[in-house]
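Here is my_file03.csv, consisting of CSV, C-alpha atoms and all ligand atoms:
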```csv
chain,number,residue,atom,x,y,z
Y,1207,MET,CA,0.0,0.0,0.0
Y,1208,LYS,CA,1.4,3.4,-1.0
Y,1209,LYS,CA,1.0,6.4,1.3
Y,1210,ILE,CA,0.0,10.0,0.5
Y,1211,LEU,CA,0.5,12.4,3.4
Y,1212,VAL,CA,-2.4,14.8,3.2
Y,1213,LEU,CA,-1.7,18.1,4.9
Y,1214,SER,CA,-3.9,21.1,5.7
Y,1215,GLY,CA,-2.4,24.6,5.9
Y,1216,SER,CA,-5.2,25.9,8.0
Y,1217,LEU,CA,-5.4,25.4,11.8
Y,1218,ARG,CA,-9.0,26.6,12.3
Y,1219,LYS,CA,-11.7,24.1,13.3
Y,1220,ASP,CA,-14.1,24.7,10.4
Y,1221,SER,CA,-11.4,25.1,7.8
Y,1222,LEU,CA,-12.4,24.6,4.2
Y,1223,ASN,CA,-8.9,23.3,3.4
Y,1224,THR,CA,-9.1,20.7,6.2
Y,1225,ARG,CA,-12.5,19.6,4.8
Y,1226,LEU,CA,-10.9,19.4,1.3
Y,1227,ALA,CA,-8.0,17.4,2.8
Y,1228,GLY,CA,-10.7,15.0,4.2
Y,1229,TYR,CA,-12.2,14.6,0.8
Y,1230,ILE,CA,-8.8,13.9,-0.8
Y,1231,ALA,CA,-7.9,11.4,2.0
Y,1232,THR,CA,-11.1,9.4,1.4
Y,1233,ASN,CA,-10.9,9.5,-2.4
Y,1234,LEU,CA,-7.5,8.0,-3.1
Y,1235,PRO,CA,-7.4,5.2,-5.7
Y,1236,ASP,CA,-7.0,1.6,-4.8
Y,1237,GLY,CA,-3.5,0.7,-3.5
Y,1238,TYR,CA,-3.2,4.1,-1.8
Y,1239,GLU,CA,-3.8,5.1,1.8
Y,1240,ALA,CA,-3.8,8.6,3.4
Y,1241,THR,CA,-1.7,9.6,6.3
Y,1242,SER,CA,-2.0,13.0,8.1
Y,1243,PHE,CA,-0.2,15.3,10.4
Y,1244,ASP,CA,-1.3,18.5,12.2
Y,1245,ILE,CA,1.2,21.1,11.3
Y,1246,GLY,CA,-0.1,23.3,14.2
Y,1247,LEU,CA,2.0,21.0,16.5
Y,1248,ILE,CA,5.2,22.3,15.0
Y,1249,PRO,CA,7.0,25.2,16.9
Y,1250,LEU,CA,8.3,28.2,15.1
Y,1251,TYR,CA,11.6,27.5,13.3
Y,1252,ASN,CA,14.7,28.1,15.3
Y,1253,SER,CA,18.0,26.6,14.2
Y,1254,ASP,CA,19.2,26.4,17.8
Y,1255,LEU,CA,16.7,23.6,18.0
Y,1256,GLU,CA,18.3,21.4,15.4
Y,1257,GLY,CA,20.3,18.2,16.0
Y,1258,ASP,CA,20.0,16.9,19.6
Y,1259,ASN,CA,17.5,19.6,20.5
Y,1260,THR,CA,15.1,18.8,17.7
Y,1261,PRO,CA,11.5,19.1,19.0
Y,1262,PRO,CA,9.7,15.7,19.0
Y,1263,ASN,CA,6.8,17.0,16.8
Y,1264,VAL,CA,9.3,18.3,14.2
Y,1265,GLN,CA,10.9,14.8,14.1
Y,1266,HIS,CA,7.4,13.3,13.8
Y,1267,PHE,CA,6.6,15.6,10.9
Y,1268,ARG,CA,9.9,14.7,9.2
Y,1269,ASP,CA,9.1,11.0,9.8
Y,1270,ALA,CA,5.7,11.4,8.2
Y,1271,LEU,CA,7.3,13.0,5.1
Y,1272,ASN,CA,10.0,10.3,4.9
Y,1273,THR,CA,7.5,7.5,5.0
Y,1274,ALA,CA,5.2,9.0,2.5
Y,1275,ASP,CA,5.3,8.2,-1.2
Y,1276,GLY,CA,3.8,11.6,-2.0
Y,1277,VAL,CA,2.4,14.7,-0.3
Y,1278,PHE,CA,-0.9,16.5,-1.0
Y,1279,TRP,CA,-1.1,20.0,0.5
Y,1280,THR,CA,-4.4,21.9,0.9
Y,1281,SER,CA,-3.8,25.5,2.0
Y,1282,PRO,CA,-5.4,28.9,2.3
Y,1283,GLU,CA,-3.9,31.9,0.7
Y,1284,TYR,CA,-3.1,34.7,3.2
Y,1285,ASN,CA,-2.3,38.1,1.9
Y,1286,TYR,CA,-1.4,36.8,-1.5
Y,1287,ALA,CA,1.0,34.2,-0.1
Y,1288,ILE,CA,1.1,30.9,1.8
Y,1289,PRO,CA,0.2,31.1,5.5
Y,1290,GLY,CA,3.1,31.4,8.0
Y,1291,VAL,CA,2.3,27.9,9.4
Y,1292,VAL,CA,2.8,26.3,6.0
Y,1293,LYS,CA,6.1,28.2,5.4
Y,1294,ASN,CA,7.2,27.2,8.9
Y,1295,ALA,CA,6.5,23.5,8.3
Y,1296,ILE,CA,8.4,23.6,5.0
Y,1297,ASP,CA,11.3,25.4,6.7
Y,1298,TRP,CA,11.6,22.6,9.3
Y,1299,ALA,CA,11.3,19.9,6.6
Y,1300,SER,CA,14.0,21.6,4.6
Y,1301,ARG,CA,16.6,20.9,7.3
Y,1302,PRO,CA,19.0,19.2,7.8
Y,1303,MET,CA,20.1,19.8,4.2
Y,1304,MET,CA,22.8,17.1,4.1
Y,1305,PRO,CA,22.8,14.5,2.7
Y,1306,LYS,CA,19.1,15.3,1.9
Y,1307,ASN,CA,16.1,16.8,3.6
Y,1308,SER,CA,12.7,15.2,3.9
Y,1309,ILE,CA,11.4,16.9,0.8
Y,1310,VAL,CA,14.1,15.8,-1.7
Y,1311,GLY,CA,12.6,13.7,-4.5
Y,1312,LYS,CA,9.1,13.8,-2.9
Y,1313,PRO,CA,6.2,14.2,-5.4
Y,1314,MET,CA,3.7,16.8,-4.2
Y,1315,ASN,CA,0.5,18.4,-5.4
Y,1316,ALA,CA,-1.4,21.2,-3.9
Y,1317,VAL,CA,-4.8,22.9,-4.1
Y,1318,ILE,CA,-5.6,26.3,-2.5
Y,1319,ALA,CA,-9.2,26.4,-1.2
Y,1320,THR,CA,-10.4,30.0,-0.8
Y,1321,MET,CA,-13.7,31.7,-0.2
Y,1322,SER,CA,-12.6,34.3,-2.7
Y,1323,PRO,CA,-14.0,34.0,-6.3
Y,1324,THR,CA,-10.8,35.3,-7.8
Y,1325,ASN,CA,-7.7,34.7,-5.6
Y,1326,GLY,CA,-5.5,31.8,-4.5
Y,1327,VAL,CA,-3.2,31.3,-7.4
Y,1328,ARG,CA,-0.3,33.2,-5.8
Y,1329,ALA,CA,-0.2,30.9,-2.8
Y,1330,LEU,CA,-0.4,27.9,-5.2
Y,1331,ALA,CA,2.6,29.3,-7.1
Y,1332,ASP,CA,4.4,29.9,-3.8
Y,1333,ILE,CA,4.1,26.4,-2.4
Y,1334,LYS,CA,5.1,24.7,-5.6
Y,1335,ARG,CA,8.1,26.9,-6.0
Y,1336,LEU,CA,9.2,26.4,-2.4
Y,1337,TRP,CA,8.8,22.6,-2.7
Y,1338,ASN,CA,10.9,22.5,-5.8
Y,1339,ASN,CA,13.5,24.8,-4.3
Y,1340,CYS,CA,13.9,22.3,-1.4
Y,1341,GLY,CA,14.5,19.5,-3.9
Y,1342,GLY,CA,11.0,18.2,-4.2
Y,1343,TYR,CA,8.9,17.5,-7.3
Y,1344,SER,CA,5.8,19.6,-7.7
Y,1345,VAL,CA,3.1,18.5,-10.1
Y,1346,MET,CA,2.7,21.5,-12.4
Y,1347,VAL,CA,-0.2,20.2,-14.6
Y,1348,TYR,CA,-3.0,21.1,-13.8
Y,1349,ASP,CA,-2.8,24.1,-11.4
Y,1350,THR,CA,-6.0,24.2,-9.4
Y,1351,VAL,CA,-7.5,26.7,-7.0
Y,1352,LEU,CA,-10.8,25.8,-5.4
Y,1353,GLN,CA,-12.4,29.3,-5.5
Y,1354,ALA,CA,-15.7,30.1,-3.6
Y,1355,ALA,CA,-14.8,26.9,-1.7
Y,1356,HIS,CA,-17.6,27.4,0.8
Y,1357,THR,CA,-20.1,26.8,-2.0
Y,1358,ARG,CA,-18.5,23.6,-3.3
Y,1359,PHE,CA,-19.1,20.9,-0.7
Y,1360,VAL,CA,-22.1,18.6,-0.9
Y,1361,ASP,CA,-23.5,15.7,1.0
Y,1362,GLU,CA,-23.4,12.4,-0.8
Y,1363,ASN,CA,-25.2,9.7,1.1
Y,1364,GLY,CA,-23.9,11.0,4.4
Y,1365,ALA,CA,-20.3,11.5,3.2
Y,1366,GLU,CA,-18.9,14.9,2.4
Y,1367,SER,CA,-18.2,15.3,-1.3
Y,1368,LEU,CA,-17.8,18.1,-3.9
Y,1369,GLU,CA,-20.2,19.4,-6.6
Y,1370,PRO,CA,-19.4,17.9,-10.0
Y,1371,ILE,CA,-17.1,20.6,-11.5
Y,1372,ALA,CA,-15.0,20.8,-8.3
Y,1373,LYS,CA,-15.0,17.0,-8.0
Y,1374,LYS,CA,-13.7,16.6,-11.5
Y,1375,ALA,CA,-10.9,19.1,-10.9
Y,1376,ILE,CA,-9.8,17.7,-7.5
Y,1377,ASP,CA,-10.0,14.1,-8.7
Y,1378,LEU,CA,-7.7,15.1,-11.6
Y,1379,CYS,CA,-5.2,16.6,-9.1
Y,1380,ILE,CA,-5.2,13.4,-7.1
Y,1381,GLY,CA,-4.7,11.4,-10.3
Y,1382,ASN,CA,-1.8,13.6,-11.4
Y,1383,LEU,CA,-0.1,13.1,-8.0
Y,1384,VAL,CA,-0.6,9.4,-8.3
Y,1385,SER,CA,0.9,9.4,-11.8
Y,1386,ALA,CA,3.9,11.3,-10.5
Y,1387,ILE,CA,4.4,8.7,-7.8
Y,1388,GLU,CA,3.9,5.7,-10.2
Y,1389,LEU,CA,6.3,7.2,-12.8
Y,1390,ASN,CA,8.9,8.0,-10.1
Y,1391,ALA,CA,8.8,11.6,-11.2
Y,1392,GLY,CA,10.8,12.7,-8.2
Y,1393,ALA,CA,13.9,10.8,-9.5
Y,1394,THR,CA,15.2,13.7,-11.5
Y,1395,SER,CA,14.8,16.1,-8.5
Y,1396,LEU,CA,16.7,13.6,-6.3
Y,1397,ALA,CA,19.5,13.3,-8.9
Y,1398,ASN,CA,19.7,17.1,-9.2
Y,1399,TRP,CA,19.9,17.3,-5.4
Y,1400,GLU,CA,22.7,14.7,-5.2
Y,1401,ALA,CA,24.6,16.6,-7.9
Y,1402,LEU,CA,24.2,19.8,-5.9
Y,1403,VAL,CA,25.5,18.1,-2.7
Y,1404,ALA,CA,28.4,16.6,-4.6
Y,1405,SER,CA,29.3,20.0,-6.0
Y,1406,MET,CA,29.5,21.4,-2.5
Y,1407,LYS,CA,32.2,18.9,-1.3
D,1501,LIG,C1,-5.0,36.9,7.3
D,1501,LIG,C2,-5.9,36.5,6.1
D,1501,LIG,C3,-5.5,36.8,4.9
D,1501,LIG,C4,-6.3,36.4,3.8
D,1501,LIG,N1,-5.8,36.7,2.5
D,1501,LIG,C5,-6.4,36.1,1.5
D,1501,LIG,C6,-5.8,36.2,0.2
D,1501,LIG,O1,-4.8,36.8,0.0
D,1501,LIG,N2,-6.4,35.5,-0.8
D,1501,LIG,C7,-7.5,34.7,-0.6
D,1501,LIG,O2,-8.0,34.1,-1.6
D,1501,LIG,N3,-8.1,34.7,0.6
D,1501,LIG,C8,-7.6,35.3,1.6
D,1501,LIG,N4,-8.1,35.2,2.9
D,1501,LIG,C9,-9.4,34.5,3.0
D,1501,LIG,C10,-9.2,33.0,3.1
D,1501,LIG,O3,-9.2,32.5,1.8
D,1501,LIG,C11,-10.4,32.3,3.7
D,1501,LIG,O4,-10.5,32.8,5.0
D,1501,LIG,C12,-10.3,30.8,3.7
D,1501,LIG,O5,-11.6,30.3,4.1
D,1501,LIG,C13,-9.3,30.3,4.7
D,1501,LIG,O6,-9.1,28.9,4.6
D,1501,LIG,P1,-9.7,27.9,5.6
D,1501,LIG,O7,-11.2,27.9,5.5
D,1501,LIG,O8,-9.1,26.6,5.3
D,1501,LIG,O9,-9.3,28.4,7.0
D,1501,LIG,C14,-7.4,35.6,4.0
D,1501,LIG,C15,-7.8,35.3,5.3
D,1501,LIG,C16,-7.1,35.7,6.3
D,1501,LIG,C17,-7.5,35.3,7.7
```
Go ahead and express the file in the form of structure tokens.
Ligand SMILES: Cc1cc2nc3c(=O)[nH]c(=O)nc-3n(C[C@H](O)[C@H](O)[C@H](O)COP(=O)(O)O)c2cc1C
Amino acid sequence: MKKILVLSGSLRKDSLNTRLAGYIATNLPDGYEATSFDIGLIPLYNSDLEGDNTPPNVQHFRDALNTADGVFWTSPEYNYAIPGVVKNAIDWASRPMMPKNSIVGKPMNAVIATMSPTNGVRALADIKRLWNNCGGYSVMVYDTVLQAAHTRFVDENGAESLEPIAKKAIDLCIGNLVSAIELNAGATSLANWEALVASMK
């Protein structure tokens, strides 16, 4: 069974992104299971806390990344960027750099759920760029923002689902991440990272 770590970038109880993460986690294809981690448990980044002083929840987060075959982020956009909690989680995951961090070679897809009818694309570009900068592999086709997200959820026989247009888009995003995992798309990112590390010796 392959694992996809499904993460929400919102800490609030009624978060639309956490609801979307729930939809994704329960709609993975056969052969895949979802894992999760609450990024609200991670303290603010401080390099004095690396090494022997690593906070347990940071190590748990890194372990969750290391044991996942891929990652699916859902996140709000805050002030035209990713929320601080998401940046903080990525900063912790990006260390230690050598020989590789927990993001290197890891396929990732992301969707921004927003109440806005127009925004979200800037945070999506942010998170994919950051992930690639850390040595990960971001799925770039097909960029998806779930706008007016508060109008998209529907009840389907007692289970939370999405209206047909949103469902088609989100299911495509899930499928694209699964394709990236199956095709080992992160291999090039891993090779590039190893070349970078070798060049620093
Ligand atoms: C501090 C703050 C800044 C925000 N800035 C944006 C923004 O730049 N773009 C956007 O689409 N929505 C913005 N929003 C609205 C969020 O998209 C909306 O609150 C969304 O529901 C948050 O996601 P959640 O439901 O998962 O918590 C902002 C909300 C907050 C609290």
Just the residues within 12 Å of Y:Asp1377, please, counting all atoms listed in the file, with nothing from its chain fewer than 3 positions along; format it as a VMD selection string. chain Y and resid 1226 1229 to 1235 1315 1317 1348 1350 1367 to 1374 1380 to 1384
Separation of atom CA of Y:Lys1219 and atom CA of Y:Ala1354, in Å?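 Answer for the atom CA of Y:Lys1219 to atom CA of Y:Ala1354 separation: 18.4 Å.
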Atom CA of Y:Asn1339 to atom CA of Y:Asp1258, distance in Å rounded to a single decimal: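 Computed distance, atom CA of Y:Asn1339 to atom CA of Y:Asp1258, equals 26.0 Å.
Coordinates place atom CA of Y:Ser1281 at a distance of 19.7 Å from atom CA of Y:Lys1209.
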What are the closest atom pairs, with distances in Å to one decimal, for all residues of chain Y lying within 12 Å of ligand LIG 1501 (chain D)? Consider all atoms listed in the file, order rows by chain and residue number, and present the result as a tab-separated table.
```
residue	atom	partner	partner_atom	distance
Y:Leu1213	CA	D:LIG1501	O8	11.3
Y:Ser1214	CA	D:LIG1501	O8	7.6
Y:Gly1215	CA	D:LIG1501	O8	7.0
Y:Ser1216	CA	D:LIG1501	O8	4.8
Y:Leu1217	CA	D:LIG1501	O9	6.9
Y:Arg1218	CA	D:LIG1501	O9	5.6
Y:Lys1219	CA	D:LIG1501	O9	8.0
Y:Asp1220	CA	D:LIG1501	O7	6.5
Y:Ser1221	CA	D:LIG1501	O7	3.6
Y:Leu1222	CA	D:LIG1501	O7	3.7
Y:Asn1223	CA	D:LIG1501	O8	3.8
Y:Thr1224	CA	D:LIG1501	O8	6.0
Y:Arg1225	CA	D:LIG1501	O8	7.8
Y:Leu1226	CA	D:LIG1501	O8	8.4
Y:Ala1227	CA	D:LIG1501	O8	9.6
Y:Gly1228	CA	D:LIG1501	O8	11.8
Y:Trp1279	CA	D:LIG1501	O8	11.4
Y:Thr1280	CA	D:LIG1501	O8	8.0
Y:Ser1281	CA	D:LIG1501	O8	6.3
Y:Pro1282	CA	D:LIG1501	O6	4.4
Y:Glu1283	CA	D:LIG1501	N2	4.6
Y:Tyr1284	CA	D:LIG1501	N1	3.4
Y:Asn1285	CA	D:LIG1501	O1	3.4
Y:Tyr1286	CA	D:LIG1501	O1	3.7
Y:Ala1287	CA	D:LIG1501	O1	6.4
Y:Ile1288	CA	D:LIG1501	O1	8.5
Y:Pro1289	CA	D:LIG1501	C1	8.0
Y:Gly1290	CA	D:LIG1501	C1	9.8
Y:Val1291	CA	D:LIG1501	C1	11.8
Y:Val1292	CA	D:LIG1501	O8	11.9
Y:Val1317	CA	D:LIG1501	O8	11.0
Y:Ile1318	CA	D:LIG1501	O2	8.2
Y:Ala1319	CA	D:LIG1501	O6	6.3
Y:Thr1320	CA	D:LIG1501	O3	3.8
Y:Met1321	CA	D:LIG1501	O5	5.0
Y:Ser1322	CA	D:LIG1501	O2	4.7
Y:Pro1323	CA	D:LIG1501	O2	7.6
Y:Thr1324	CA	D:LIG1501	O2	6.9
Y:Asn1325	CA	D:LIG1501	O2	4.1
Y:Gly1326	CA	D:LIG1501	O2	4.5
Y:Val1327	CA	D:LIG1501	O2	8.0
Y:Arg1328	CA	D:LIG1501	O1	8.2
Y:Ala1329	CA	D:LIG1501	N2	8.0
Y:Leu1330	CA	D:LIG1501	O2	10.4
Y:Val1351	CA	D:LIG1501	O2	9.2
Y:Leu1352	CA	D:LIG1501	O2	9.5
Y:Gln1353	CA	D:LIG1501	O2	7.6
Y:Ala1354	CA	D:LIG1501	O5	8.7
Y:Ala1355	CA	D:LIG1501	O5	7.4
Y:His1356	CA	D:LIG1501	O5	7.4
Y:Thr1357	CA	D:LIG1501	O5	11.0
```
So, with all atoms listed in the file as the atoms that count, which of Y:Ile1248, Y:Cys1379, Y:Ala1393, Y:Leu1271 lies closest to Y:Ala1295?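 Closest to Y:Ala1295, using all atoms listed in the file: Y:Ile1248.
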Looking at Y:Ser1405, Y:Thr1273, Y:Asn1294, Y:Ser1395, which one is nearest to Y:Gly1342, with distances taken over only C-alpha atoms? Y:Ser1395
Per residue of stretch 1274-1294 of chain Y within 10 Å of stretch 1299-1309 of chain Y, what are the shortest atom pair and its distance in Å to one decimal, counting only C-alpha atoms, with rows by chain and residue number, as CSV?
```
residue,atom,partner,partner_atom,distance
Y:Ala1274,CA,Y:Ser1308,CA,9.8
Y:Gly1276,CA,Y:Ile1309,CA,9.7
Y:Val1277,CA,Y:Ile1309,CA,9.3
Y:Lys1293,CA,Y:Ala1299,CA,9.9
Y:Asn1294,CA,Y:Ala1299,CA,8.7
```
